[in-house]
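Colleague: Before I ask anything, let me first share the structure, which is written out below as structure tokens.
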Amino acid sequence: MNKIFIVSAMLLALANAAPDFLSGIASPIANAVDAIADVTSTQAPVEDLTTTQAPVEDLTTTPAPDAPTTKDPKFITSDNSTTEERTKLVAKLFKDYDKKVNPDDLKIKFGVALIDFHILEDKDAVENYCWLRYVWTDPRLQWNAEEYGGAAVLRMDSDMVWKPDVTLYNSADPVHMINCWESNVLIYPNGEILWVPPCKMLSRCHLTLKREPYGEQVCGLKFGSWTYDGFTMDLEFYNGNKTIDLTDLSNSSGFEILSTTAEKTDKYYPCCKEPYPDLTFNMTIKRIPGEELIKKW
């Protein structure tokens, strides 16, 4: 239909623009226009869609539900709290808190990040510089962040809270089994506590360097609680990572680390029915050829 109208319009335009030229065909043009008019008059009328179309649903009567809101601490992404609000929060949390009493149902997530190490051949020992990683939950230290200006984390002296007594079982220095800097702990609204103290420790390792100066050596760090059994305080791997984290390693030992592994063991003693879990982190090392000659020289 649109094409027919366009053709007729063009013919009429030509007729007006050049009457002399088209005078000989004026009658055919008129006849064509009349024919077009006849076609349009006999064609079925176009349906009025505005009267037959289904009514559009009024969306204002069925609004979409509001986005869910939550007070779960993991949804808090910023901390706009003031000193006054954090002061009130600390006073509330520690008013009746007793750090000598352990929380219930403890699961300690524990990991080791090795920063540097030195092989002490004459002592069959390894001097380790590590960042230890502890994560646990103390329900007594929970709060609603919205009530304290969005306070998303507290950084507190680690001496203010209960801490797990995880120590190095295969220490070569029984007086200072683990020597750590008492860094702050981070406390989150759900009661989760993160503690990452930098530590120095001396571990025993059966070295065979005198017989095999370039042979592989396997040395481990065995950690466990000194007083808590597995029913009271269980041990798990930090982030499920069954290796030693070497991300921040600055190796000045003269040995390369070929691989690291970790395993958990539940040990039972004849006296008792409860398990005593431990986590052992092993690293396989090998002397870098020529390094020992450079040190001696």
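Numbering starts fresh at 1 for the residues of each chain in the structure tokens, the chains themselves are lettered A, B, ... in the order given, and ligands are numbered from 1 as they appear.
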Among stretch 109-207 of chain A, which residues carry a DSSP assignment of strand (DSSP E), reported as a ChimeraX atom specification?
Modeller: /A:109-120,125-137,154-157,166-168,179-180,184-187,192-195,198-204
Colleague: Which residues, written as number ranges by chain, have at least one atom at most 10 Å from A:Glu147, with only C-alpha atoms counted and residues fewer than 3 positions away on the same chain left out?
Modeller: A: 81, 85, 89, 143-144, 150-151
Colleague: Produce a file of the selected residues containing N, CA, C and O atoms, as a compact mmCIF listing (two decimals), in the first residue's frame.
Modeller:
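Just written: selection-v7.txt:
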# COMPACT_ATOMS: atom_id res chain seq x y z
N SER A 81 32.87 4.55 61.85
CA SER A 81 32.69 4.78 63.27
C SER A 81 33.66 5.85 63.78
O SER A 81 34.73 6.07 63.22
N GLU A 85 32.39 6.16 69.45
CA GLU A 85 31.61 4.94 69.25
C GLU A 85 32.44 3.70 69.50
O GLU A 85 31.96 2.73 70.11
N LEU A 89 32.02 0.77 72.37
CA LEU A 89 31.98 -0.64 71.98
C LEU A 89 32.98 -1.46 72.77
O LEU A 89 32.64 -2.54 73.29
N TRP A 143 29.11 -8.05 68.08
CA TRP A 143 28.34 -6.81 68.20
C TRP A 143 27.60 -6.53 66.90
O TRP A 143 27.93 -7.07 65.85
N ASN A 144 26.61 -5.64 66.99
CA ASN A 144 25.88 -5.16 65.82
C ASN A 144 26.57 -3.89 65.35
O ASN A 144 26.53 -2.85 66.02
N GLY A 150 28.80 1.66 62.28
CA GLY A 150 29.36 0.79 61.24
C GLY A 150 30.72 0.24 61.59
O GLY A 150 31.49 -0.11 60.68
N ALA A 151 31.05 0.17 62.87
CA ALA A 151 32.37 -0.34 63.29
C ALA A 151 32.55 -1.77 62.77
O ALA A 151 31.90 -2.70 63.24
Colleague: With stretch 183-201 of chain A as the partner and 12 Å as the cut-off, tabulate the residues of stretch 104-128 of chain A that qualify, each row holding the nearest pair of atoms and their distance in Å to one decimal, using only C-alpha atoms, sorted by chain and rising number, as CSV.
Modeller:
residue,atom,partner,partner_atom,distance
A:Leu106,CA,A:Glu192,CA,11.2
A:Lys107,CA,A:Glu192,CA,11.0
A:Ile108,CA,A:Ile193,CA,10.1
A:Lys109,CA,A:Leu194,CA,9.5
A:Phe110,CA,A:Trp195,CA,9.8
A:Gly111,CA,A:Val196,CA,9.4
A:Val112,CA,A:Val196,CA,9.5
A:Ala113,CA,A:Pro198,CA,9.4
A:Leu114,CA,A:Cys199,CA,9.8
A:Ile115,CA,A:Pro198,CA,9.2
A:Asp116,CA,A:Lys200,CA,9.7
A:Phe117,CA,A:Lys200,CA,9.4
A:His118,CA,A:Met201,CA,10.9
A:Ala125,CA,A:Met201,CA,10.1
A:Val126,CA,A:Met201,CA,8.3
A:Glu127,CA,A:Met201,CA,6.0
A:Asn128,CA,A:Met201,CA,5.3
Colleague: With all heavy atoms retained, export the selected residues as a short mmCIF file (atom, residue, chain, number, x, y, z; two decimals), in the first residue's frame.
Modeller:
data_model
loop_
_atom_site.label_atom_id
_atom_site.label_comp_id
_atom_site.auth_asym_id
_atom_site.auth_seq_id
_atom_site.Cartn_x
_atom_site.Cartn_y
_atom_site.Cartn_z
N LEU A 106 35.60 -24.63 70.12
CA LEU A 106 36.70 -23.95 69.43
C LEU A 106 37.21 -24.74 68.23
O LEU A 106 37.44 -25.95 68.32
CB LEU A 106 37.86 -23.73 70.40
CG LEU A 106 37.78 -22.48 71.28
CD1 LEU A 106 38.80 -22.58 72.41
CD2 LEU A 106 38.03 -21.23 70.47
N LYS A 107 37.38 -24.04 67.13
CA LYS A 107 38.06 -24.57 65.96
C LYS A 107 39.10 -23.53 65.55
O LYS A 107 38.74 -22.45 65.11
CB LYS A 107 37.08 -24.84 64.82
CG LYS A 107 36.12 -25.99 65.11
CD LYS A 107 35.27 -26.31 63.89
CE LYS A 107 34.27 -27.41 64.19
NZ LYS A 107 34.91 -28.68 64.56
N ILE A 108 40.35 -23.87 65.71
CA ILE A 108 41.43 -22.95 65.38
C ILE A 108 41.91 -23.23 63.96
O ILE A 108 42.35 -24.34 63.65
CB ILE A 108 42.61 -23.10 66.36
CG1 ILE A 108 42.12 -23.03 67.81
CG2 ILE A 108 43.67 -22.04 66.08
CD1 ILE A 108 41.46 -21.73 68.18
N LYS A 109 41.81 -22.23 63.10
CA LYS A 109 42.38 -22.34 61.75
C LYS A 109 43.79 -21.78 61.81
O LYS A 109 43.99 -20.62 62.17
CB LYS A 109 41.50 -21.57 60.77
CG LYS A 109 40.09 -22.12 60.68
CD LYS A 109 39.21 -21.29 59.76
CE LYS A 109 37.79 -21.82 59.74
NZ LYS A 109 36.90 -21.00 58.90
N PHE A 110 44.75 -22.62 61.44
CA PHE A 110 46.16 -22.29 61.68
C PHE A 110 46.97 -22.48 60.40
O PHE A 110 46.79 -23.44 59.66
CB PHE A 110 46.71 -23.20 62.79
CG PHE A 110 48.14 -22.93 63.16
CD1 PHE A 110 48.46 -21.90 64.02
CD2 PHE A 110 49.16 -23.70 62.62
CE1 PHE A 110 49.79 -21.65 64.36
CE2 PHE A 110 50.48 -23.46 62.94
CZ PHE A 110 50.80 -22.42 63.82
N GLY A 111 47.87 -21.52 60.16
CA GLY A 111 48.72 -21.62 58.98
C GLY A 111 50.09 -21.00 59.23
O GLY A 111 50.30 -20.29 60.21
N VAL A 112 51.02 -21.30 58.32
CA VAL A 112 52.40 -20.83 58.44
C VAL A 112 52.81 -20.16 57.13
O VAL A 112 52.67 -20.75 56.06
CB VAL A 112 53.37 -22.00 58.74
CG1 VAL A 112 54.81 -21.50 58.79
CG2 VAL A 112 53.00 -22.67 60.05
N ALA A 113 53.31 -18.93 57.25
CA ALA A 113 53.93 -18.24 56.12
C ALA A 113 55.42 -18.09 56.44
O ALA A 113 55.78 -17.45 57.43
CB ALA A 113 53.29 -16.88 55.89
N LEU A 114 56.26 -18.72 55.64
CA LEU A 114 57.71 -18.70 55.89
C LEU A 114 58.32 -17.43 55.27
O LEU A 114 58.13 -17.15 54.09
CB LEU A 114 58.36 -19.94 55.30
CG LEU A 114 59.85 -20.15 55.60
CD1 LEU A 114 60.07 -20.34 57.10
CD2 LEU A 114 60.38 -21.35 54.83
N ILE A 115 59.04 -16.68 56.09
CA ILE A 115 59.67 -15.43 55.63
C ILE A 115 61.15 -15.65 55.32
O ILE A 115 61.68 -15.12 54.35
CB ILE A 115 59.50 -14.33 56.70
CG1 ILE A 115 58.02 -14.17 57.07
CG2 ILE A 115 60.07 -13.01 56.20
CD1 ILE A 115 57.11 -13.88 55.88
N ASP A 116 61.83 -16.45 56.13
CA ASP A 116 63.24 -16.78 55.89
C ASP A 116 63.61 -17.95 56.79
O ASP A 116 62.89 -18.27 57.75
CB ASP A 116 64.14 -15.58 56.18
CG ASP A 116 65.50 -15.67 55.48
OD1 ASP A 116 65.75 -16.71 54.82
OD2 ASP A 116 66.30 -14.73 55.59
N PHE A 117 64.72 -18.62 56.48
CA PHE A 117 65.18 -19.71 57.33
C PHE A 117 66.68 -19.89 57.13
O PHE A 117 67.26 -19.49 56.11
CB PHE A 117 64.43 -21.02 57.01
CG PHE A 117 64.74 -21.59 55.65
CD1 PHE A 117 65.66 -22.63 55.49
CD2 PHE A 117 64.11 -21.10 54.50
CE1 PHE A 117 65.93 -23.16 54.24
CE2 PHE A 117 64.39 -21.62 53.26
CZ PHE A 117 65.30 -22.66 53.13
N HIS A 118 67.31 -20.50 58.14
CA HIS A 118 68.74 -20.80 58.08
C HIS A 118 68.95 -22.23 58.57
O HIS A 118 68.35 -22.65 59.57
CB HIS A 118 69.55 -19.82 58.95
CG HIS A 118 69.44 -18.40 58.50
ND1 HIS A 118 68.99 -17.40 59.33
CD2 HIS A 118 69.72 -17.83 57.31
CE1 HIS A 118 69.00 -16.25 58.67
NE2 HIS A 118 69.43 -16.49 57.44
N ALA A 125 69.39 -28.48 63.19
CA ALA A 125 68.22 -27.63 63.45
C ALA A 125 68.03 -26.62 62.32
O ALA A 125 68.93 -26.39 61.50
CB ALA A 125 68.38 -26.91 64.78
N VAL A 126 66.85 -26.05 62.30
CA VAL A 126 66.51 -25.00 61.33
C VAL A 126 66.00 -23.79 62.11
O VAL A 126 65.12 -23.93 62.97
CB VAL A 126 65.44 -25.46 60.33
CG1 VAL A 126 65.15 -24.36 59.31
CG2 VAL A 126 65.87 -26.74 59.62
N GLU A 127 66.56 -22.65 61.81
CA GLU A 127 66.08 -21.40 62.39
C GLU A 127 65.06 -20.80 61.43
O GLU A 127 65.38 -20.49 60.28
CB GLU A 127 67.25 -20.44 62.60
CG GLU A 127 66.90 -19.21 63.40
CD GLU A 127 68.13 -18.36 63.66
OE1 GLU A 127 68.82 -17.99 62.68
OE2 GLU A 127 68.43 -18.08 64.84
N ASN A 128 63.81 -20.66 61.91
CA ASN A 128 62.70 -20.25 61.05
C ASN A 128 62.18 -18.88 61.45
O ASN A 128 62.00 -18.59 62.64
CB ASN A 128 61.54 -21.25 61.17
CG ASN A 128 61.96 -22.67 60.87
OD1 ASN A 128 62.01 -23.10 59.73
ND2 ASN A 128 62.28 -23.44 61.92
#
Colleague: Would you mind listing what lies within 12 Å of A:Lys100 as a list in words, with only C-alpha atoms counted and same-chain residues fewer than 5 positions away left out?
Modeller: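 What passes the distance filter is Asp159, Met160, Val161, Trp162, Lys163, Pro164 and Asp165 of chain A.
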Colleague: Please produce an output containing all heavy atoms for each residue in the selection, written as a PDB file, in the first residue's frame.
Modeller:
ATOM      1  N   ASP A 159      47.016  -9.174  74.103  1.00  0.00           N
ATOM      2  CA  ASP A 159      47.018  -9.590  75.500  1.00  0.00           C
ATOM      3  C   ASP A 159      45.654  -9.388  76.157  1.00  0.00           C
ATOM      4  O   ASP A 159      45.441  -9.846  77.276  1.00  0.00           O
ATOM      5  CB  ASP A 159      48.090  -8.803  76.264  1.00  0.00           C
ATOM      6  CG  ASP A 159      48.361  -9.383  77.641  1.00  0.00           C
ATOM      7  OD1 ASP A 159      48.530 -10.607  77.740  1.00  0.00           O
ATOM      8  OD2 ASP A 159      48.359  -8.611  78.624  1.00  0.00           O
ATOM      9  N   MET A 160      44.727  -8.725  75.447  1.00  0.00           N
ATOM     10  CA  MET A 160      43.409  -8.460  76.034  1.00  0.00           C
ATOM     11  C   MET A 160      42.433  -9.611  75.834  1.00  0.00           C
ATOM     12  O   MET A 160      41.379  -9.649  76.473  1.00  0.00           O
ATOM     13  CB  MET A 160      42.814  -7.180  75.428  1.00  0.00           C
ATOM     14  CG  MET A 160      43.555  -5.912  75.789  1.00  0.00           C
ATOM     15  SD  MET A 160      42.748  -4.428  75.122  1.00  0.00           S
ATOM     16  CE  MET A 160      41.169  -4.476  76.002  1.00  0.00           C
ATOM     17  N   VAL A 161      42.743 -10.553  74.928  1.00  0.00           N
ATOM     18  CA  VAL A 161      41.787 -11.608  74.605  1.00  0.00           C
ATOM     19  C   VAL A 161      42.378 -12.978  74.922  1.00  0.00           C
ATOM     20  O   VAL A 161      43.596 -13.145  75.034  1.00  0.00           O
ATOM     21  CB  VAL A 161      41.384 -11.555  73.112  1.00  0.00           C
ATOM     22  CG1 VAL A 161      40.778 -10.199  72.769  1.00  0.00           C
ATOM     23  CG2 VAL A 161      42.575 -11.847  72.213  1.00  0.00           C
ATOM     24  N   TRP A 162      41.480 -13.946  75.033  1.00  0.00           N
ATOM     25  CA  TRP A 162      41.928 -15.333  75.145  1.00  0.00           C
ATOM     26  C   TRP A 162      42.574 -15.729  73.828  1.00  0.00           C
ATOM     27  O   TRP A 162      42.075 -15.416  72.742  1.00  0.00           O
ATOM     28  CB  TRP A 162      40.736 -16.241  75.437  1.00  0.00           C
ATOM     29  CG  TRP A 162      41.125 -17.698  75.485  1.00  0.00           C
ATOM     30  CD1 TRP A 162      41.503 -18.422  76.580  1.00  0.00           C
ATOM     31  CD2 TRP A 162      41.206 -18.602  74.363  1.00  0.00           C
ATOM     32  NE1 TRP A 162      41.809 -19.712  76.215  1.00  0.00           N
ATOM     33  CE2 TRP A 162      41.638 -19.849  74.862  1.00  0.00           C
ATOM     34  CE3 TRP A 162      40.965 -18.463  73.005  1.00  0.00           C
ATOM     35  CZ2 TRP A 162      41.806 -20.956  74.046  1.00  0.00           C
ATOM     36  CZ3 TRP A 162      41.138 -19.567  72.178  1.00  0.00           C
ATOM     37  CH2 TRP A 162      41.561 -20.792  72.696  1.00  0.00           C
ATOM     38  N   LYS A 163      43.698 -16.444  73.913  1.00  0.00           N
ATOM     39  CA  LYS A 163      44.403 -16.911  72.714  1.00  0.00           C
ATOM     40  C   LYS A 163      44.723 -18.397  72.854  1.00  0.00           C
ATOM     41  O   LYS A 163      44.980 -18.896  73.963  1.00  0.00           O
ATOM     42  CB  LYS A 163      45.709 -16.126  72.507  1.00  0.00           C
ATOM     43  CG  LYS A 163      45.514 -14.639  72.278  1.00  0.00           C
ATOM     44  CD  LYS A 163      46.809 -13.967  71.826  1.00  0.00           C
ATOM     45  CE  LYS A 163      47.915 -14.055  72.850  1.00  0.00           C
ATOM     46  NZ  LYS A 163      47.612 -13.298  74.074  1.00  0.00           N
ATOM     47  N   PRO A 164      44.730 -19.117  71.750  1.00  0.00           N
ATOM     48  CA  PRO A 164      45.059 -20.549  71.799  1.00  0.00           C
ATOM     49  C   PRO A 164      46.528 -20.778  72.134  1.00  0.00           C
ATOM     50  O   PRO A 164      47.400 -20.009  71.711  1.00  0.00           O
ATOM     51  CB  PRO A 164      44.734 -21.036  70.378  1.00  0.00           C
ATOM     52  CG  PRO A 164      44.812 -19.810  69.532  1.00  0.00           C
ATOM     53  CD  PRO A 164      44.380 -18.667  70.389  1.00  0.00           C
ATOM     54  N   ASP A 165      46.794 -21.830  72.895  1.00  0.00           N
ATOM     55  CA  ASP A 165      48.174 -22.110  73.315  1.00  0.00           C
ATOM     56  C   ASP A 165      48.865 -23.068  72.340  1.00  0.00           C
ATOM     57  O   ASP A 165      49.499 -24.047  72.745  1.00  0.00           O
ATOM     58  CB  ASP A 165      48.203 -22.667  74.742  1.00  0.00           C
ATOM     59  CG  ASP A 165      47.483 -24.005  74.865  1.00  0.00           C
ATOM     60  OD1 ASP A 165      46.720 -24.354  73.928  1.00  0.00           O
ATOM     61  OD2 ASP A 165      47.675 -24.699  75.876  1.00  0.00           O
TER      62      ASP A 165
END
Colleague: Please provide as a compact mmCIF listing (two decimals) with N, CA, C and O atoms, in the first residue's frame all residues within 12 Å of A:Asn170, with the sequence filter that same-chain residues fewer than 5 positions apart are discarded (counting only C-alpha atoms).
Modeller:
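Contents of selection.txt, as written:
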# COMPACT_ATOMS: atom_id res chain seq x y z
N ASP A 124 71.80 -29.75 63.90
CA ASP A 124 70.68 -30.48 63.31
C ASP A 124 69.37 -29.73 63.55
O ASP A 124 68.37 -30.30 64.03
N ALA A 125 69.39 -28.48 63.19
CA ALA A 125 68.22 -27.63 63.45
C ALA A 125 68.03 -26.62 62.32
O ALA A 125 68.93 -26.39 61.50
N VAL A 126 66.85 -26.05 62.30
CA VAL A 126 66.51 -25.00 61.33
C VAL A 126 66.00 -23.79 62.11
O VAL A 126 65.12 -23.93 62.97
N HIS A 176 62.32 -21.32 74.84
CA HIS A 176 61.56 -20.40 74.00
C HIS A 176 61.07 -21.18 72.78
O HIS A 176 61.62 -21.07 71.69
N MET A 177 60.02 -21.97 73.00
CA MET A 177 59.54 -22.84 71.94
C MET A 177 59.08 -22.04 70.72
O MET A 177 59.32 -22.43 69.58
N ILE A 178 58.38 -20.95 70.97
CA ILE A 178 58.04 -19.99 69.92
C ILE A 178 58.25 -18.60 70.49
O ILE A 178 57.67 -18.26 71.54
N MET A 201 61.56 -19.24 65.53
CA MET A 201 61.56 -20.52 66.23
C MET A 201 62.66 -21.41 65.69
O MET A 201 63.05 -21.32 64.52
N LEU A 202 63.16 -22.26 66.57
CA LEU A 202 64.22 -23.20 66.23
C LEU A 202 63.63 -24.61 66.24
O LEU A 202 63.14 -25.07 67.28
N SER A 203 63.64 -25.29 65.10
CA SER A 203 63.04 -26.61 65.00
C SER A 203 64.10 -27.67 64.75
O SER A 203 65.10 -27.43 64.07
N ARG A 204 63.88 -28.86 65.31
CA ARG A 204 64.78 -29.97 65.08
C ARG A 204 64.59 -30.54 63.68
O ARG A 204 63.47 -30.60 63.17
N CYS A 205 65.68 -30.96 63.06
CA CYS A 205 65.60 -31.61 61.75
C CYS A 205 66.79 -32.55 61.62
O CYS A 205 67.94 -32.16 61.87
N HIS A 206 66.50 -33.78 61.25
CA HIS A 206 67.57 -34.77 61.08
C HIS A 206 68.23 -34.54 59.72
O HIS A 206 67.73 -34.95 58.68
N CYS A 219 62.49 -31.19 56.33
CA CYS A 219 62.40 -30.61 57.67
C CYS A 219 60.97 -30.15 57.91
O CYS A 219 60.30 -29.66 56.99
N GLY A 220 60.53 -30.33 59.15
CA GLY A 220 59.13 -30.02 59.46
C GLY A 220 58.96 -29.14 60.67
O GLY A 220 59.86 -28.98 61.51
N LEU A 221 57.75 -28.53 60.75
CA LEU A 221 57.32 -27.76 61.91
C LEU A 221 56.03 -28.40 62.40
O LEU A 221 55.02 -28.42 61.68
N LYS A 222 56.08 -28.95 63.63
CA LYS A 222 54.93 -29.66 64.17
C LYS A 222 54.28 -28.82 65.27
O LYS A 222 54.89 -28.55 66.30
N PHE A 223 53.02 -28.43 65.04
CA PHE A 223 52.31 -27.55 65.97
C PHE A 223 51.12 -28.26 66.60
O PHE A 223 50.46 -29.08 65.95
N GLY A 224 50.86 -27.91 67.85
CA GLY A 224 49.68 -28.43 68.54
C GLY A 224 49.45 -27.68 69.82
O GLY A 224 50.32 -26.93 70.30
N ASP A 278 47.42 -32.40 65.91
CA ASP A 278 48.58 -31.58 65.58
C ASP A 278 48.63 -31.37 64.07
O ASP A 278 48.11 -32.18 63.30
N LEU A 279 49.27 -30.29 63.68
CA LEU A 279 49.47 -29.95 62.27
C LEU A 279 50.97 -29.89 62.01
O LEU A 279 51.69 -29.17 62.70
N THR A 280 51.44 -30.67 61.03
CA THR A 280 52.85 -30.69 60.69
C THR A 280 53.06 -30.13 59.28
O THR A 280 52.43 -30.61 58.32
N PHE A 281 53.92 -29.13 59.18
CA PHE A 281 54.23 -28.48 57.91
C PHE A 281 55.64 -28.89 57.49
O PHE A 281 56.62 -28.58 58.19
Colleague: Atom CA of A:Phe231 and atom CA of A:Ser171 are how many Å apart?
Modeller: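 The value is 24.8 Å.
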Colleague: Work out how far atom CA of A:Tyr276 is from atom CA of A:Thr227, in Å to one decimal.
Modeller: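 Straight-line distance from atom CA of A:Thr227 to atom CA of A:Tyr276 works out to 9.3 Å.
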Colleague: Residues at most 9 Å from A:Asp266, counting only C-alpha atoms, excluding those fewer than 2 positions away in the same chain, as a PyMOL selection string?
Modeller: chain A and resi 230+264+268+275-278
Colleague: From the list A:Leu249, A:Cys180, A:Val153, A:Leu120, which residue is nearest A:Asn80 when using only C-alpha atoms?
Modeller: A:Val153
Colleague: Distance atom CA of A:Tyr214-atom CA of A:Asp122, one decimal place?
Modeller: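 Going from atom CA of A:Tyr214 over to atom CA of A:Asp122 covers 16.3 Å.
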Colleague: Which is closest to A:Arg287 among A:Cys130, A:Ile119, A:Cys271, A:Ile244, if we use only C-alpha atoms?
Modeller: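 Closest residue, counting only C-alpha atoms: A:Ile119.
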Colleague: Once DSSP has gone over the backbone, tell me which residues of stretch 56-280 of chain A are in helix (DSSP H, G or I), as an MDAnalysis selection string.
Modeller: chainID A and resid 59:61 73:75 83:93 121:123 139:141 145:148 158:160 238:240
